[in-house]
Number of protein chains: 2
Amino acid sequence: MTNDVPWLNAEEDRSWRAFVRLHQKLFRRLGADLETHSGLSGADFQILVALTDVPEGRLRFQDLAGAIDWERSRLSHQVSRMIKRGLVAREECAEDGRGAFVVITPQGREAIEAAAPRHLVVVRRLVIDALDPEDLAALGRISSRVLERIDAEPR
Amino acid sequence: MTNDVPWLNAEEDRSWRAFVRLHQKLFRRLGADLETHSGLSGADFQILVALTDVPEGRLRFQDLAGAIDWERSRLSHQVSRMIKRGLVAREECAEDGRGAFVVITPQGREAIEAAAPRHLVVVRRLVIDALDPEDLAALGRISSRVLERIDAEPR
DNA sequence: TAGCTGTAGTTGATACATCAACTATCTATG
DNA sequence: CATAGATAGTTGATGTATCAACTACAGCTA
């Protein structure tokens, strides 16, 4: 190993700090807006989107977890809270006695359908329309590249 | 469903989803790595960095909150936890009886000095060195532009 | 100087994230 | 078929984030 501490140079540091700050503020804002106007948290929203993405509105815990890249425990806790509020329901799994399905309820559908349009308006206003198409494409490319690196490291 | 909902087109959607995923995975990973190798959370790290950024290692709550863009309440809770672990201390403020300072302790300095180099290695490996300089610059530019939009909206 | 208004920071409640330990069921292998 | 090991999901503990309500002090104005 080298003795060098790999400090960032001025330009790298500027970019990195701006990005960190963006990370913090943007998703805080999006979550707060969602909560305020639709009573859904960012977590609720993610789950409901994943469920409406499949025809039945119904996924095994493991598949749902895979779709949104969450830990099992996190999903289990979150789903419990959402069941209490009637947004989703739990269904036993006939083929595998250990397994279970999460199903979106009519009330959950209503909630996501009410929340999504406004959420998209905000995403557009703050991000999509703030960037010219090349920058948006660059953001996608950059994100994918970093994600590859992350996934390449076992952890 | 109305037609005037501003859905994202395929390309926008790809970019946006990649970015959201990056947001979730990158900072989860950075936080976990920090926690594992230095016993500091991302929150601890941010506070300690802000404190070492000033000569005295000492800031009023309000200035610290401003520097890292946190709510007062969040900072208050976080500092309480850090005091318990000896990373920072609270000092009364002579000029303003309502105010207080947060000061980094020798133990806090030790912790941040131990944590920072490794943290930077990971940031470099996952992000800085994963991107060519133009993309990194683009990321900084993009971040700043979106941040401007966020700050322009009162909330 | 009494009272009003604003500011600094705290506190308690609730939701969320993460970890480790746990239960129940499945599957493979003898 | 017995059982060991793997897999699906749950649970409790702890730390973190956010909101609203609160205390205490500051500074202004009458």
# chains A, B, ... in the order shown; residues from 1 in each chain; ligands from 1
$ residues_around --residues "Phe27 (chain B)" --least-positions-apart "3" --cutoff "9 Å" --atoms "only C-alpha atoms (C1' of nucleotides)" --output "PyMOL selection string"
(chain A and resi 20+23) or (chain B and resi 22-24+30-32+42)
$ residues_around --residues "Pro106 (chain B)" --least-positions-apart "3" --cutoff "8 Å" --atoms "only C-alpha atoms (C1' of nucleotides)" --output "list of chain:residue names"
B:Leu87, B:Arg109, B:Glu110
$ interface_residues --of "chain A" --to "chain D" --cutoff "10 Å" --atoms "only C-alpha atoms (C1' of nucleotides)" --output "NGL selection string"
:A and (28 or 32 or 60-62 or 72-73 or 75-77 or 96-100)
$ atom_distance --atom1 "CA of Trp16 (chain B)" --atom2 "CA of Val127 (chain A)"
8.8 Å
$ calpha_fit_and_write --fixed "chain B" --moving "chain A" --output "tab-separated table (two decimals) with N, CA and C atoms, in the first residue's frame"
chain	number	residue	atom	x	y	z
A	1	MET	N	-54.23	23.34	-15.12
A	1	MET	CA	-53.35	22.17	-15.13
A	1	MET	C	-53.70	21.24	-16.27
A	2	THR	N	-52.75	20.62	-16.82
A	2	THR	CA	-53.01	19.72	-17.93
A	2	THR	C	-53.47	18.37	-17.39
A	3	ASN	N	-54.10	17.61	-18.24
A	3	ASN	CA	-54.53	16.27	-17.82
A	3	ASN	C	-53.42	15.26	-18.01
A	4	ASP	N	-52.39	15.70	-18.70
A	4	ASP	CA	-51.32	14.77	-19.05
A	4	ASP	C	-50.54	14.33	-17.84
A	5	VAL	N	-50.41	13.04	-17.69
A	5	VAL	CA	-49.47	12.54	-16.71
A	5	VAL	C	-48.10	12.58	-17.38
A	6	PRO	N	-47.14	13.19	-16.73
A	6	PRO	CA	-45.86	13.42	-17.39
A	6	PRO	C	-44.94	12.23	-17.28
A	7	TRP	N	-45.35	11.09	-17.75
A	7	TRP	CA	-44.51	9.91	-17.68
A	7	TRP	C	-43.16	10.17	-18.32
A	8	LEU	N	-42.19	9.48	-17.86
A	8	LEU	CA	-40.87	9.59	-18.44
A	8	LEU	C	-40.79	8.71	-19.68
A	9	ASN	N	-40.08	9.18	-20.69
A	9	ASN	CA	-39.86	8.29	-21.83
A	9	ASN	C	-38.78	7.26	-21.48
A	10	ALA	N	-38.57	6.32	-22.36
A	10	ALA	CA	-37.72	5.18	-22.03
A	10	ALA	C	-36.32	5.61	-21.61
A	11	GLU	N	-35.79	6.56	-22.30
A	11	GLU	CA	-34.42	6.99	-22.02
A	11	GLU	C	-34.35	7.75	-20.69
A	12	GLU	N	-35.32	8.64	-20.49
A	12	GLU	CA	-35.38	9.37	-19.22
A	12	GLU	C	-35.53	8.40	-18.06
A	13	ASP	N	-36.39	7.41	-18.28
A	13	ASP	CA	-36.66	6.45	-17.24
A	13	ASP	C	-35.39	5.66	-16.89
A	14	ARG	N	-34.66	5.27	-17.90
A	14	ARG	CA	-33.40	4.54	-17.67
A	14	ARG	C	-32.44	5.37	-16.84
A	15	SER	N	-32.27	6.60	-17.26
A	15	SER	CA	-31.33	7.47	-16.54
A	15	SER	C	-31.78	7.71	-15.10
A	16	TRP	N	-33.05	7.99	-14.96
A	16	TRP	CA	-33.57	8.29	-13.63
A	16	TRP	C	-33.44	7.10	-12.69
A	17	ARG	N	-33.79	5.93	-13.19
A	17	ARG	CA	-33.70	4.73	-12.35
A	17	ARG	C	-32.26	4.41	-11.97
A	18	ALA	N	-31.36	4.59	-12.90
A	18	ALA	CA	-29.95	4.34	-12.59
A	18	ALA	C	-29.49	5.30	-11.51
A	19	PHE	N	-29.92	6.53	-11.62
A	19	PHE	CA	-29.51	7.54	-10.64
A	19	PHE	C	-30.07	7.22	-9.26
A	20	VAL	N	-31.33	6.85	-9.21
A	20	VAL	CA	-31.94	6.50	-7.93
A	20	VAL	C	-31.20	5.33	-7.29
A	21	ARG	N	-30.88	4.38	-8.10
A	21	ARG	CA	-30.20	3.21	-7.59
A	21	ARG	C	-28.80	3.57	-7.09
A	22	LEU	N	-28.16	4.43	-7.81
A	22	LEU	CA	-26.84	4.90	-7.39
A	22	LEU	C	-26.95	5.58	-6.03
A	23	HIS	N	-27.90	6.46	-5.92
A	23	HIS	CA	-28.14	7.16	-4.67
A	23	HIS	C	-28.24	6.18	-3.52
A	24	GLN	N	-28.99	5.12	-3.75
A	24	GLN	CA	-29.22	4.17	-2.66
A	24	GLN	C	-27.98	3.35	-2.33
A	25	LYS	N	-27.33	2.86	-3.37
A	25	LYS	CA	-26.24	1.92	-3.12
A	25	LYS	C	-24.95	2.59	-2.71
A	26	LEU	N	-24.64	3.69	-3.35
A	26	LEU	CA	-23.35	4.31	-3.09
A	26	LEU	C	-23.24	4.78	-1.64
A	27	PHE	N	-24.27	5.46	-1.18
A	27	PHE	CA	-24.13	6.03	0.16
A	27	PHE	C	-24.33	4.97	1.24
A	28	ARG	N	-25.08	3.95	0.90
A	28	ARG	CA	-25.16	2.81	1.81
A	28	ARG	C	-23.76	2.21	1.96
A	29	ARG	N	-23.12	2.00	0.83
A	29	ARG	CA	-21.79	1.39	0.87
A	29	ARG	C	-20.77	2.26	1.59
A	30	LEU	N	-20.77	3.53	1.28
A	30	LEU	CA	-19.81	4.43	1.92
A	30	LEU	C	-20.02	4.45	3.44
A	31	GLY	N	-21.27	4.51	3.84
A	31	GLY	CA	-21.58	4.53	5.27
A	31	GLY	C	-21.15	3.24	5.95
A	32	ALA	N	-21.42	2.13	5.30
A	32	ALA	CA	-21.07	0.84	5.89
A	32	ALA	C	-19.57	0.69	6.01
A	33	ASP	N	-18.86	1.15	4.99
A	33	ASP	CA	-17.41	1.04	5.03
A	33	ASP	C	-16.82	1.89	6.15
A	34	LEU	N	-17.35	3.08	6.27
A	34	LEU	CA	-16.92	3.99	7.33
A	34	LEU	C	-17.15	3.35	8.70
A	35	GLU	N	-18.35	2.88	8.89
A	35	GLU	CA	-18.73	2.26	10.15
A	35	GLU	C	-17.81	1.08	10.48
A	36	THR	N	-17.61	0.23	9.50
A	36	THR	CA	-16.81	-0.97	9.71
A	36	THR	C	-15.38	-0.65	10.09
A	37	HIS	N	-14.79	0.29	9.37
A	37	HIS	CA	-13.36	0.49	9.53
A	37	HIS	C	-12.97	1.58	10.51
A	38	SER	N	-13.93	2.39	10.89
A	38	SER	CA	-13.54	3.46	11.81
A	38	SER	C	-14.54	3.66	12.94
A	39	GLY	N	-15.63	2.93	12.91
A	39	GLY	CA	-16.61	3.08	13.98
A	39	GLY	C	-17.38	4.39	13.93
A	40	LEU	N	-17.24	5.11	12.82
A	40	LEU	CA	-18.01	6.34	12.67
A	40	LEU	C	-19.15	6.12	11.68
A	41	SER	N	-20.31	6.72	11.96
A	41	SER	CA	-21.39	6.70	10.99
A	41	SER	C	-21.16	7.83	10.00
A	42	GLY	N	-21.91	7.81	8.92
A	42	GLY	CA	-21.84	8.91	7.97
A	42	GLY	C	-22.18	10.23	8.64
A	43	ALA	N	-23.14	10.18	9.54
A	43	ALA	CA	-23.55	11.38	10.26
A	43	ALA	C	-22.41	11.91	11.13
A	44	ASP	N	-21.77	11.02	11.88
A	44	ASP	CA	-20.61	11.42	12.69
A	44	ASP	C	-19.57	12.09	11.80
A	45	PHE	N	-19.31	11.43	10.69
A	45	PHE	CA	-18.25	11.89	9.80
A	45	PHE	C	-18.53	13.31	9.31
A	46	GLN	N	-19.75	13.55	8.89
A	46	GLN	CA	-20.11	14.88	8.39
A	46	GLN	C	-19.88	15.95	9.42
A	47	ILE	N	-20.33	15.67	10.64
A	47	ILE	CA	-20.18	16.64	11.71
A	47	ILE	C	-18.71	16.91	11.98
A	48	LEU	N	-17.93	15.85	12.08
A	48	LEU	CA	-16.52	16.02	12.42
A	48	LEU	C	-15.78	16.75	11.30
A	49	VAL	N	-16.13	16.47	10.07
A	49	VAL	CA	-15.51	17.19	8.95
A	49	VAL	C	-15.83	18.68	9.05
A	50	ALA	N	-17.08	18.99	9.30
A	50	ALA	CA	-17.47	20.40	9.38
A	50	ALA	C	-16.72	21.10	10.51
A	51	LEU	N	-16.52	20.40	11.61
A	51	LEU	CA	-15.81	21.02	12.74
A	51	LEU	C	-14.32	21.19	12.46
A	52	THR	N	-13.73	20.23	11.77
A	52	THR	CA	-12.31	20.37	11.48
A	52	THR	C	-12.08	21.38	10.35
A	53	ASP	N	-13.15	21.74	9.67
A	53	ASP	CA	-13.03	22.74	8.60
A	53	ASP	C	-12.83	24.14	9.15
A	54	VAL	N	-13.12	24.35	10.41
A	54	VAL	CA	-12.90	25.68	10.99
A	54	VAL	C	-11.73	25.61	11.97
A	55	PRO	N	-10.98	26.70	12.08
A	55	PRO	CA	-9.73	26.69	12.85
A	55	PRO	C	-9.91	26.25	14.31
A	56	GLU	N	-10.93	26.73	14.97
A	56	GLU	CA	-11.11	26.40	16.39
A	56	GLU	C	-11.66	25.00	16.62
A	57	GLY	N	-12.23	24.40	15.58
A	57	GLY	CA	-12.90	23.13	15.76
A	57	GLY	C	-14.15	23.30	16.60
A	58	ARG	N	-14.80	24.41	16.40
A	58	ARG	CA	-15.84	24.85	17.33
A	58	ARG	C	-16.83	25.70	16.57
A	59	LEU	N	-18.11	25.33	16.63
A	59	LEU	CA	-19.13	26.08	15.91
A	59	LEU	C	-20.40	26.17	16.73
A	60	ARG	N	-21.11	27.26	16.55
A	60	ARG	CA	-22.45	27.36	17.12
A	60	ARG	C	-23.33	26.31	16.46
A	61	PHE	N	-24.30	25.82	17.17
A	61	PHE	CA	-25.23	24.85	16.60
A	61	PHE	C	-25.80	25.36	15.27
A	62	GLN	N	-26.22	26.59	15.27
A	62	GLN	CA	-26.86	27.11	14.07
A	62	GLN	C	-25.90	27.17	12.89
A	63	ASP	N	-24.64	27.51	13.16
A	63	ASP	CA	-23.68	27.60	12.07
A	63	ASP	C	-23.31	26.22	11.55
A	64	LEU	N	-23.19	25.29	12.48
A	64	LEU	CA	-22.92	23.91	12.09
A	64	LEU	C	-24.08	23.37	11.25
A	65	ALA	N	-25.28	23.65	11.72
A	65	ALA	CA	-26.45	23.20	10.99
A	65	ALA	C	-26.47	23.80	9.59
A	66	GLY	N	-26.12	25.08	9.50
A	66	GLY	CA	-26.08	25.73	8.20
A	66	GLY	C	-25.02	25.14	7.29
A	67	ALA	N	-23.87	24.83	7.87
A	67	ALA	CA	-22.75	24.32	7.08
A	67	ALA	C	-23.08	22.98	6.43
A	68	ILE	N	-23.81	22.16	7.12
A	68	ILE	CA	-24.09	20.83	6.56
A	68	ILE	C	-25.55	20.68	6.15
A	69	ASP	N	-26.30	21.78	6.31
A	69	ASP	CA	-27.68	21.80	5.84
A	69	ASP	C	-28.56	20.77	6.56
A	70	TRP	N	-28.51	20.82	7.85
A	70	TRP	CA	-29.34	19.94	8.66
A	70	TRP	C	-30.38	20.75	9.44
A	71	GLU	N	-31.45	20.09	9.82
A	71	GLU	CA	-32.44	20.67	10.72
A	71	GLU	C	-31.85	20.73	12.13
A	72	ARG	N	-32.32	21.69	12.89
A	72	ARG	CA	-31.82	21.83	14.26
A	72	ARG	C	-32.02	20.59	15.09
A	73	SER	N	-33.19	20.04	14.98
A	73	SER	CA	-33.53	18.92	15.82
A	73	SER	C	-32.62	17.72	15.52
A	74	ARG	N	-32.41	17.52	14.26
A	74	ARG	CA	-31.55	16.41	13.86
A	74	ARG	C	-30.15	16.58	14.43
A	75	LEU	N	-29.66	17.80	14.32
A	75	LEU	CA	-28.32	18.08	14.82
A	75	LEU	C	-28.26	17.90	16.33
A	76	SER	N	-29.26	18.38	17.01
A	76	SER	CA	-29.28	18.27	18.46
A	76	SER	C	-29.23	16.81	18.90
A	77	HIS	N	-30.06	15.99	18.30
A	77	HIS	CA	-30.05	14.56	18.63
A	77	HIS	C	-28.69	13.94	18.32
A	78	GLN	N	-28.18	14.24	17.16
A	78	GLN	CA	-26.92	13.63	16.74
A	78	GLN	C	-25.78	14.04	17.67
A	79	VAL	N	-25.73	15.33	18.00
A	79	VAL	CA	-24.67	15.81	18.88
A	79	VAL	C	-24.78	15.15	20.25
A	80	SER	N	-25.98	15.00	20.74
A	80	SER	CA	-26.16	14.31	22.03
A	80	SER	C	-25.51	12.93	22.01
A	81	ARG	N	-25.76	12.21	20.93
A	81	ARG	CA	-25.19	10.86	20.84
A	81	ARG	C	-23.67	10.93	20.78
A	82	MET	N	-23.16	11.92	20.06
A	82	MET	CA	-21.71	12.03	19.90
A	82	MET	C	-21.03	12.48	21.20
A	83	ILE	N	-21.72	13.27	21.97
A	83	ILE	CA	-21.18	13.68	23.26
A	83	ILE	C	-21.00	12.45	24.15
A	84	LYS	N	-22.00	11.60	24.14
A	84	LYS	CA	-21.92	10.37	24.94
A	84	LYS	C	-20.70	9.55	24.59
A	85	ARG	N	-20.31	9.59	23.32
A	85	ARG	CA	-19.17	8.80	22.89
A	85	ARG	C	-17.87	9.59	22.94
A	86	GLY	N	-17.94	10.82	23.40
A	86	GLY	CA	-16.72	11.60	23.59
A	86	GLY	C	-16.12	12.19	22.33
A	87	LEU	N	-16.88	12.23	21.25
A	87	LEU	CA	-16.34	12.75	19.99
A	87	LEU	C	-16.39	14.27	19.93
A	88	VAL	N	-17.38	14.84	20.56
A	88	VAL	CA	-17.52	16.29	20.62
A	88	VAL	C	-17.95	16.67	22.03
A	89	ALA	N	-17.88	17.97	22.31
A	89	ALA	CA	-18.37	18.45	23.59
A	89	ALA	C	-19.22	19.68	23.34
A	90	ARG	N	-19.99	20.01	24.37
A	90	ARG	CA	-20.87	21.14	24.27
A	90	ARG	C	-20.29	22.25	25.12
A	91	GLU	N	-20.33	23.48	24.61
A	91	GLU	CA	-19.86	24.62	25.40
A	91	GLU	C	-20.90	25.71	25.41
A	92	GLU	N	-21.07	26.32	26.57
A	92	GLU	CA	-22.02	27.43	26.68
A	92	GLU	C	-21.53	28.59	25.85
A	93	CYS	N	-22.45	29.46	25.51
A	93	CYS	CA	-22.12	30.61	24.69
A	93	CYS	C	-22.30	31.88	25.52
A	94	ALA	N	-21.19	32.59	25.71
A	94	ALA	CA	-21.23	33.76	26.58
A	94	ALA	C	-22.09	34.88	26.00
A	95	GLU	N	-21.98	35.10	24.70
A	95	GLU	CA	-22.68	36.24	24.07
A	95	GLU	C	-24.19	36.04	23.98
A	96	ASP	N	-24.60	34.80	23.90
A	96	ASP	CA	-26.03	34.53	23.73
A	96	ASP	C	-26.43	33.35	24.61
A	97	GLY	N	-27.16	33.66	25.63
A	97	GLY	CA	-27.51	32.65	26.64
A	97	GLY	C	-28.31	31.48	26.09
A	98	ARG	N	-28.94	31.69	24.93
A	98	ARG	CA	-29.71	30.59	24.35
A	98	ARG	C	-28.81	29.64	23.60
A	99	GLY	N	-27.71	30.20	23.10
A	99	GLY	CA	-26.87	29.47	22.16
A	99	GLY	C	-25.92	28.50	22.82
A	100	ALA	N	-25.25	27.72	22.00
A	100	ALA	CA	-24.23	26.79	22.49
A	100	ALA	C	-23.29	26.47	21.35
A	101	PHE	N	-22.09	26.06	21.74
A	101	PHE	CA	-21.10	25.63	20.75
A	101	PHE	C	-20.96	24.13	20.78
A	102	VAL	N	-20.60	23.58	19.64
A	102	VAL	CA	-20.16	22.20	19.58
A	102	VAL	C	-18.67	22.25	19.29
A	103	VAL	N	-17.89	21.56	20.09
A	103	VAL	CA	-16.44	21.55	19.92
A	103	VAL	C	-15.97	20.13	19.70
A	104	ILE	N	-15.05	19.96	18.78
A	104	ILE	CA	-14.48	18.63	18.57
A	104	ILE	C	-13.49	18.36	19.70
A	105	THR	N	-13.50	17.15	20.21
A	105	THR	CA	-12.57	16.77	21.27
A	105	THR	C	-11.31	16.15	20.65
A	106	PRO	N	-10.26	16.02	21.43
A	106	PRO	CA	-9.06	15.33	20.91
A	106	PRO	C	-9.41	13.95	20.38
A	107	GLN	N	-10.28	13.29	21.09
A	107	GLN	CA	-10.70	11.96	20.66
A	107	GLN	C	-11.45	12.02	19.32
A	108	GLY	N	-12.25	13.06	19.15
A	108	GLY	CA	-12.96	13.24	17.89
A	108	GLY	C	-11.98	13.50	16.76
A	109	ARG	N	-10.96	14.28	17.05
A	109	ARG	CA	-9.94	14.57	16.03
A	109	ARG	C	-9.21	13.31	15.63
A	110	GLU	N	-8.88	12.54	16.63
A	110	GLU	CA	-8.20	11.28	16.37
A	110	GLU	C	-9.07	10.39	15.46
A	111	ALA	N	-10.34	10.35	15.78
A	111	ALA	CA	-11.25	9.49	15.02
A	111	ALA	C	-11.35	9.95	13.57
A	112	ILE	N	-11.50	11.24	13.37
A	112	ILE	CA	-11.68	11.71	11.99
A	112	ILE	C	-10.38	11.59	11.20
A	113	GLU	N	-9.27	11.80	11.87
A	113	GLU	CA	-7.99	11.68	11.17
A	113	GLU	C	-7.69	10.23	10.80
A	114	ALA	N	-8.19	9.34	11.62
A	114	ALA	CA	-8.01	7.92	11.29
A	114	ALA	C	-8.96	7.50	10.17
A	115	ALA	N	-10.15	8.10	10.15
A	115	ALA	CA	-11.18	7.65	9.21
A	115	ALA	C	-11.04	8.26	7.82
A	116	ALA	N	-10.64	9.51	7.76
A	116	ALA	CA	-10.70	10.26	6.50
A	116	ALA	C	-9.88	9.64	5.36
A	117	PRO	N	-8.62	9.27	5.61
A	117	PRO	CA	-7.83	8.77	4.48
A	117	PRO	C	-8.47	7.55	3.82
A	118	ARG	N	-8.88	6.61	4.63
A	118	ARG	CA	-9.50	5.42	4.05
A	118	ARG	C	-10.79	5.75	3.33
A	119	HIS	N	-11.55	6.65	3.92
A	119	HIS	CA	-12.81	7.04	3.29
A	119	HIS	C	-12.53	7.62	1.91
A	120	LEU	N	-11.52	8.46	1.84
A	120	LEU	CA	-11.18	9.06	0.55
A	120	LEU	C	-10.72	8.02	-0.47
A	121	VAL	N	-9.99	7.04	0.01
A	121	VAL	CA	-9.57	5.98	-0.89
A	121	VAL	C	-10.80	5.34	-1.54
A	122	VAL	N	-11.81	5.08	-0.70
A	122	VAL	CA	-12.99	4.42	-1.23
A	122	VAL	C	-13.75	5.33	-2.19
A	123	VAL	N	-13.88	6.60	-1.80
A	123	VAL	CA	-14.55	7.55	-2.69
A	123	VAL	C	-13.83	7.61	-4.04
A	124	ARG	N	-12.52	7.65	-3.98
A	124	ARG	CA	-11.74	7.65	-5.22
A	124	ARG	C	-12.00	6.41	-6.04
A	125	ARG	N	-11.91	5.29	-5.37
A	125	ARG	CA	-12.01	4.03	-6.11
A	125	ARG	C	-13.39	3.86	-6.73
A	126	LEU	N	-14.43	4.20	-5.96
A	126	LEU	CA	-15.78	3.95	-6.46
A	126	LEU	C	-16.28	5.03	-7.41
A	127	VAL	N	-15.84	6.25	-7.21
A	127	VAL	CA	-16.42	7.35	-7.98
A	127	VAL	C	-15.38	8.11	-8.80
A	128	ILE	N	-14.51	8.79	-8.11
A	128	ILE	CA	-13.62	9.73	-8.80
A	128	ILE	C	-12.83	9.04	-9.91
A	129	ASP	N	-12.21	7.92	-9.55
A	129	ASP	CA	-11.38	7.26	-10.53
A	129	ASP	C	-12.17	6.38	-11.50
A	130	ALA	N	-13.47	6.23	-11.22
A	130	ALA	CA	-14.30	5.45	-12.12
A	130	ALA	C	-14.74	6.32	-13.31
A	131	LEU	N	-14.62	7.60	-13.14
A	131	LEU	CA	-15.11	8.52	-14.17
A	131	LEU	C	-13.95	9.27	-14.81
A	132	ASP	N	-14.05	9.54	-16.08
A	132	ASP	CA	-13.03	10.41	-16.66
A	132	ASP	C	-13.36	11.84	-16.23
A	133	PRO	N	-12.37	12.71	-16.28
A	133	PRO	CA	-12.52	14.05	-15.72
A	133	PRO	C	-13.73	14.81	-16.26
A	134	GLU	N	-14.04	14.61	-17.53
A	134	GLU	CA	-15.20	15.35	-18.07
A	134	GLU	C	-16.48	14.88	-17.40
A	135	ASP	N	-16.59	13.57	-17.19
A	135	ASP	CA	-17.81	13.06	-16.56
A	135	ASP	C	-17.92	13.52	-15.12
A	136	LEU	N	-16.79	13.57	-14.45
A	136	LEU	CA	-16.83	14.05	-13.08
A	136	LEU	C	-17.24	15.52	-13.03
A	137	ALA	N	-16.71	16.28	-13.94
A	137	ALA	CA	-17.09	17.69	-14.02
A	137	ALA	C	-18.57	17.81	-14.35
A	138	ALA	N	-19.03	16.96	-15.25
A	138	ALA	CA	-20.45	16.97	-15.62
A	138	ALA	C	-21.31	16.65	-14.39
A	139	LEU	N	-20.85	15.70	-13.61
A	139	LEU	CA	-21.61	15.32	-12.41
A	139	LEU	C	-21.72	16.52	-11.47
A	140	GLY	N	-20.64	17.25	-11.33
A	140	GLY	CA	-20.66	18.44	-10.49
A	140	GLY	C	-21.61	19.48	-11.04
A	141	ARG	N	-21.54	19.70	-12.34
A	141	ARG	CA	-22.41	20.70	-12.98
A	141	ARG	C	-23.87	20.33	-12.81
A	142	ILE	N	-24.15	19.07	-13.11
A	142	ILE	CA	-25.52	18.57	-13.02
A	142	ILE	C	-26.04	18.72	-11.59
A	143	SER	N	-25.22	18.34	-10.64
A	143	SER	CA	-25.63	18.43	-9.23
A	143	SER	C	-25.96	19.86	-8.86
A	144	SER	N	-25.10	20.77	-9.27
A	144	SER	CA	-25.33	22.17	-8.93
A	144	SER	C	-26.62	22.68	-9.56
A	145	ARG	N	-26.86	22.26	-10.78
A	145	ARG	CA	-28.05	22.75	-11.45
A	145	ARG	C	-29.31	22.27	-10.73
A	146	VAL	N	-29.34	21.00	-10.38
A	146	VAL	CA	-30.52	20.47	-9.70
A	146	VAL	C	-30.66	21.12	-8.32
A	147	LEU	N	-29.54	21.32	-7.65
A	147	LEU	CA	-29.61	21.96	-6.34
A	147	LEU	C	-30.21	23.36	-6.44
A	148	GLU	N	-29.85	24.07	-7.48
A	148	GLU	CA	-30.44	25.40	-7.68
A	148	GLU	C	-31.95	25.31	-7.78
A	149	ARG	N	-32.42	24.33	-8.53
A	149	ARG	CA	-33.86	24.15	-8.68
A	149	ARG	C	-34.51	23.89	-7.34
A	150	ILE	N	-33.88	23.03	-6.58
A	150	ILE	CA	-34.45	22.68	-5.28
A	150	ILE	C	-34.52	23.92	-4.40
A	151	ASP	N	-33.44	24.66	-4.38
A	151	ASP	CA	-33.40	25.84	-3.51
A	151	ASP	C	-34.34	26.93	-4.00
A	152	ALA	N	-34.63	26.90	-5.29
A	152	ALA	CA	-35.52	27.91	-5.84
A	152	ALA	C	-36.97	27.67	-5.43
A	153	GLU	N	-37.28	26.44	-5.04
A	153	GLU	CA	-38.65	26.13	-4.61
A	153	GLU	C	-38.72	26.25	-3.10
A	154	PRO	N	-39.57	27.15	-2.62
A	154	PRO	CA	-39.63	27.44	-1.19
A	154	PRO	C	-39.87	26.22	-0.33
A	155	ARG	N	-40.76	25.37	-0.70
A	155	ARG	CA	-41.11	24.15	0.02
A	155	ARG	C	-42.01	24.47	1.21
$ interface_residues --of "chain C" --to "chain A" --cutoff "9 Å" --atoms "only C-alpha atoms (C1' of nucleotides)" --output "list in words"
DC16, DA17, DT18, DA24, DT25 and DC26 of chain C
$ select_by_dssp --residues "chain A" --states "strand (DSSP E or B)" --output "MDAnalysis selection string"
chainID A and resid 58:60 88:92 100:104
$ write_last_selection --atoms "N, CA, C and O atoms" --output "tab-separated table (two decimals), in the first residue's frame"
chain	number	residue	atom	x	y	z
A	58	ARG	N	-48.68	-7.91	-7.25
A	58	ARG	CA	-48.46	-8.94	-6.25
A	58	ARG	C	-47.10	-9.55	-6.47
A	58	ARG	O	-46.79	-10.01	-7.57
A	59	LEU	N	-46.26	-9.54	-5.43
A	59	LEU	CA	-44.91	-10.08	-5.56
A	59	LEU	C	-44.51	-10.82	-4.30
A	59	LEU	O	-44.93	-10.45	-3.20
A	60	ARG	N	-43.69	-11.83	-4.48
A	60	ARG	CA	-43.07	-12.47	-3.33
A	60	ARG	C	-42.16	-11.46	-2.65
A	60	ARG	O	-41.56	-10.61	-3.30
A	88	VAL	N	-51.13	-2.19	1.52
A	88	VAL	CA	-50.82	-3.49	0.94
A	88	VAL	C	-51.38	-4.57	1.87
A	88	VAL	O	-51.79	-4.27	2.99
A	89	ALA	N	-51.39	-5.79	1.36
A	89	ALA	CA	-51.81	-6.91	2.20
A	89	ALA	C	-50.82	-8.04	2.00
A	89	ALA	O	-50.03	-8.05	1.06
A	90	ARG	N	-50.88	-8.97	2.94
A	90	ARG	CA	-49.98	-10.09	2.90
A	90	ARG	C	-50.78	-11.31	2.49
A	90	ARG	O	-51.91	-11.50	2.95
A	91	GLU	N	-50.22	-12.14	1.62
A	91	GLU	CA	-50.89	-13.37	1.23
A	91	GLU	C	-49.95	-14.55	1.37
A	91	GLU	O	-48.79	-14.46	1.02
A	92	GLU	N	-50.50	-15.64	1.88
A	92	GLU	CA	-49.69	-16.85	2.01
A	92	GLU	C	-49.30	-17.36	0.64
A	92	GLU	O	-49.95	-17.05	-0.36
A	100	ALA	N	-44.18	-15.66	1.18
A	100	ALA	CA	-45.40	-14.86	1.27
A	100	ALA	C	-45.39	-13.85	0.14
A	100	ALA	O	-44.34	-13.51	-0.39
A	101	PHE	N	-46.60	-13.41	-0.20
A	101	PHE	CA	-46.74	-12.37	-1.21
A	101	PHE	C	-47.11	-11.06	-0.55
A	101	PHE	O	-47.76	-11.05	0.50
A	102	VAL	N	-46.72	-9.99	-1.20
A	102	VAL	CA	-47.22	-8.67	-0.84
A	102	VAL	C	-48.12	-8.25	-2.00
A	102	VAL	O	-47.71	-8.32	-3.16
A	103	VAL	N	-49.33	-7.85	-1.69
A	103	VAL	CA	-50.28	-7.44	-2.73
A	103	VAL	C	-50.72	-6.02	-2.47
A	103	VAL	O	-51.01	-5.64	-1.34
A	104	ILE	N	-50.81	-5.24	-3.52
A	104	ILE	CA	-51.31	-3.88	-3.37
A	104	ILE	C	-52.83	-3.94	-3.20
A	104	ILE	O	-53.50	-4.73	-3.85
$ select_by_dssp --residues "chain A" --states "alpha helix (DSSP H)" --output "PyMOL selection string"
chain A and resi 10-38+42-52+61-68+72-84+106-126+133-152
